[in-house]
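Next comes query-v8.txt, with compact mmCIF, C-alpha atoms.
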# COMPACT_ATOMS: atom_id res chain seq x y z
CA GLN C 1 7.70 -6.36 -18.70
CA ARG C 2 6.69 -2.84 -17.76
CA GLU C 3 9.39 -0.43 -16.75
CA HIS C 4 9.01 0.79 -13.21
CA GLN C 5 12.37 2.40 -12.54
CA HIS C 6 10.52 5.45 -11.19
CA GLN C 7 9.60 3.37 -8.13
CA PHE C 8 13.22 3.59 -7.04
CA TYR C 9 13.36 7.39 -6.88
CA PHE C 10 13.91 8.68 -3.37
CA HIS C 11 10.42 10.15 -2.88
CA ASN C 12 8.80 6.86 -3.93
CA GLN C 13 11.11 4.94 -1.61
CA ILE C 14 10.08 7.18 1.29
CA MET C 15 6.38 6.85 0.47
CA HIS C 16 6.24 3.09 -0.05
CA ASN C 17 9.21 1.36 1.55
CA PHE C 18 10.09 3.54 4.51
CA GLY C 19 6.42 3.99 5.43
CA THR C 20 6.13 0.21 5.65
CA ILE C 21 9.31 -0.10 7.70
CA PHE C 22 8.26 2.66 10.12
CA LEU C 23 4.81 1.09 10.51
CA GLY C 24 6.35 -2.31 11.26
CA VAL C 25 8.75 -0.90 13.85
CA GLU C 26 5.95 1.09 15.45
CA ILE C 27 3.73 -1.98 15.70
CA ILE C 28 6.53 -3.95 17.36
CA LEU C 29 7.39 -1.15 19.84
CA VAL C 30 3.91 0.20 20.64
CA GLN C 31 1.91 -3.03 20.29
CA PRO C 32 -1.39 -1.26 19.54
CA GLU C 33 -4.73 -2.91 20.24
CA LEU C 34 -6.31 -2.88 16.80
CA GLN C 35 -9.90 -3.93 16.17
CA PRO C 36 -10.84 -6.07 13.13
CA HIS C 37 -14.01 -4.10 12.39
CA PHE C 38 -11.88 -1.05 11.56
CA ALA C 39 -11.02 -2.77 8.27
CA ILE C 40 -14.20 -1.18 6.94
CA PHE C 41 -12.34 2.16 6.86
CA GLY C 42 -10.25 0.91 3.92
CA LEU C 43 -13.44 0.36 1.94
CA PHE C 44 -14.94 3.63 3.17
CA PHE C 45 -11.93 5.73 2.19
CA GLY C 46 -11.67 3.89 -1.13
CA ALA C 47 -15.27 4.80 -1.92
CA LEU C 48 -14.67 8.36 -0.76
CA TYR C 49 -11.61 8.59 -3.00
CA ALA C 50 -13.56 7.20 -5.96
CA LEU C 51 -16.21 9.89 -5.50
CA PHE C 52 -13.60 12.63 -5.18
CA ALA C 53 -11.58 11.34 -8.14
CA TYR C 54 -14.66 11.13 -10.33
CA LEU C 55 -15.64 14.73 -9.60
CA PHE C 56 -12.06 15.96 -9.94
CA ALA C 57 -11.55 14.12 -13.22
CA TYR C 58 -14.64 15.47 -14.89
CA TYR C 59 -14.92 18.94 -13.38
CA GLY C 60 -11.46 19.85 -12.14
CA GLY C 61 -9.12 18.67 -14.89
CA GLY C 62 -7.66 15.95 -12.72
CA TYR C 63 -4.06 14.85 -12.28
CA TYR C 64 -3.30 11.37 -11.02
CA VAL C 65 0.03 10.15 -9.78
CA TYR C 66 -1.18 6.60 -10.31
CA SER C 67 -2.70 6.53 -13.77
CA PHE C 68 -4.46 3.18 -13.24
CA ILE C 69 -6.93 4.82 -10.83
CA ASP C 70 -7.86 7.67 -13.16
CA PRO C 71 -11.68 7.43 -13.12
CA ARG C 72 -11.86 8.27 -16.82
CA LEU C 73 -10.46 4.81 -17.61
CA LYS C 74 -12.97 2.07 -18.34
CA LEU C 75 -11.72 -0.31 -15.61
CA ALA C 76 -10.95 2.37 -13.02
CA PRO C 77 -13.92 1.53 -10.75
CA ILE C 78 -12.76 -2.07 -10.61
CA PHE C 79 -9.19 -0.99 -9.81
CA VAL C 80 -10.34 1.40 -7.07
CA CYS C 81 -12.63 -1.23 -5.53
CA GLY C 82 -9.84 -3.79 -5.71
CA LEU C 83 -7.39 -1.38 -4.11
CA ALA C 84 -9.85 -0.50 -1.32
CA THR C 85 -10.48 -4.20 -0.70
CA ALA C 86 -6.74 -4.90 -0.64
CA ILE C 87 -6.27 -2.14 1.94
CA SER C 88 -8.97 -3.68 4.13
CA ILE C 89 -7.46 -7.16 3.80
CA PHE C 90 -4.01 -5.70 4.51
CA TYR C 91 -5.40 -4.14 7.70
CA LEU C 92 -6.83 -7.49 8.79
CA GLY C 93 -3.40 -9.07 8.26
CA ILE C 94 -1.82 -6.39 10.44
CA TRP C 95 -4.52 -6.97 13.04
CA LEU C 96 -3.72 -10.71 13.07
CA LEU C 97 -0.03 -9.93 13.55
CA THR C 98 -0.82 -7.62 16.49
CA VAL C 99 -2.88 -10.44 18.04
CA LEU C 100 0.12 -12.73 17.56
CA ILE C 101 2.39 -10.13 19.17
CA SER C 102 0.07 -9.93 22.18
CA PHE C 103 0.44 -13.71 22.69
CA ASN C 104 4.13 -14.00 21.82
CA ALA C 105 6.10 -10.80 21.17
CA TYR C 106 9.08 -12.66 19.73
CA LEU C 107 7.09 -14.70 17.21
CA GLY C 108 4.88 -11.72 16.31
CA SER C 109 7.93 -9.53 15.74
CA ILE C 110 9.39 -12.14 13.41
CA GLY C 111 6.06 -12.17 11.56
CA ILE C 112 6.19 -8.38 11.15
CA LEU C 113 9.79 -8.51 9.94
CA VAL C 114 8.96 -11.22 7.40
CA TRP C 115 5.98 -9.15 6.24
CA ILE C 116 8.24 -6.12 5.77
CA THR C 117 10.81 -8.05 3.76
CA LEU C 118 8.07 -9.35 1.45
CA ILE C 119 6.73 -5.84 0.79
CA VAL C 120 9.73 -3.54 0.40
CA GLN C 121 11.86 -3.45 -2.72
CA PHE C 122 14.91 -1.19 -2.94
CA ARG C 123 16.17 -2.22 -6.36
CA GLN C 124 14.93 -3.90 -9.51
CA GLU C 125 15.13 -7.65 -9.57
CA HIS C 126 17.31 -9.35 -12.18
CA PHE C 127 14.34 -10.84 -14.05
CA GLU C 128 12.89 -7.41 -14.85
CA GLN C 129 13.66 -5.90 -18.21
CA ILE C 130 15.75 -2.77 -17.81
CA GLU C 131 15.77 -0.44 -20.79
CA GLN C 132 18.75 1.83 -21.19
Before we go any further, please render this structure as structure tokens.
Amino acid sequence: QREHQHQFYFHNQIMHNFGTIFLGVEIILVQPELQPHFAIFGLFFGALYALFAYLFAYYGGGYYVYSFIDPRLKLAPIFVCGLATAISIFYLGIWLLTVLISFNAYLGSIGILVWITLIVQFRQEHFEQIEQ
């Protein structure tokens, strides 16, 4: 029952929702030839971020937009590794959808559109507690 009203501010909507929508439209229009082995970049950049965040937290004062990945927290390494793994798995899902698009553009486009509707959220759902 955590409050996350800040996710509906315009800058967060642009970063999370519109980025997803633009990526989906681009995949449908451009139909890029992605390679599954590039999923390793999600893990690589996650590890690179963890190193940077650790040094910045302890020697630079550190400010984190997402507090759950602050490396000073006890579980932060687990969160960063989980996030990096999720990014890699996400990439593999996008790769599978591009393979589907290459076989059947109509069915692949529907898959992308379903994926987008499952990810974006423009308002709080009714089951979330809203404090006023």
Region 8-74 of chain C near region 97-119 of chain C within 7 Å: what's each residue's closest atom pair and its distance in Å to one decimal, counting all atoms listed in the file, ordered by chain then ascending residue number, as a Markdown table?
| residue | atom | partner | partner_atom | distance |
| --- | --- | --- | --- | --- |
| C:Thr20 | CA | C:Ile116 | CA | 6.7 |
| C:Ile21 | CA | C:Ile116 | CA | 6.4 |
| C:Gly24 | CA | C:Ile112 | CA | 6.1 |
| C:Ile28 | CA | C:Ser109 | CA | 6.0 |
| C:Gln31 | CA | C:Thr98 | CA | 6.6 |
Measuring between all atoms listed in the file, which one of C:Val25, C:Val30, C:Leu73, C:Leu92 shows the shortest distance to Gly42 (chain C)? C:Leu92
Would you mind reading off the distance between CA of Tyr91 (chain C) and CA of Ser67 (chain C), one decimal, in Å?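 These two atoms are separated by 24.1 Å.
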Could you work out how far CA of Ser88 (chain C) lies from CA of Gln35 (chain C), giving the answer in Å with one decimal?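 So the two atoms, CA of Gln35 (chain C) and CA of Ser88 (chain C), lie 12.1 Å apart.
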Take CA of Leu34 (chain C) and CA of Ala86 (chain C) and report the distance between them in Å, one decimal. 17.6 Å
Residues near region 54-56 of chain C, anyone? I mean within 8 Å using all atoms listed in the file, not counting same-chain ones fewer than 4 positions away, as a ChimeraX atom specification. /C:50,60-62,71-72
Selection file, C-alpha atoms, as a PDB file, keeping the file's coordinate frame:
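Wrote it out as selection19.pdb, contents follow:
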ATOM      1  CA  ALA C  50     -13.560   7.200  -5.960  1.00  0.00           C
ATOM      2  CA  GLY C  60     -11.460  19.850 -12.140  1.00  0.00           C
ATOM      3  CA  GLY C  61      -9.120  18.670 -14.890  1.00  0.00           C
ATOM      4  CA  GLY C  62      -7.660  15.950 -12.720  1.00  0.00           C
ATOM      5  CA  PRO C  71     -11.680   7.430 -13.120  1.00  0.00           C
ATOM      6  CA  ARG C  72     -11.860   8.270 -16.820  1.00  0.00           C
TER       7      ARG C  72
END
Counting only C-alpha atoms, closest pick from C:Leu75, C:Ile27, C:Ala57, C:Ile89 relative to Ile40 (chain C) is C:Ile89
When distances are computed from all atoms listed in the file, which of C:Phe122, C:Asp70, C:Ile94, C:Leu43 shows the smallest separation from Leu23 (chain C)?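 Answer, going by the shortest atom-to-atom distance: C:Ile94.
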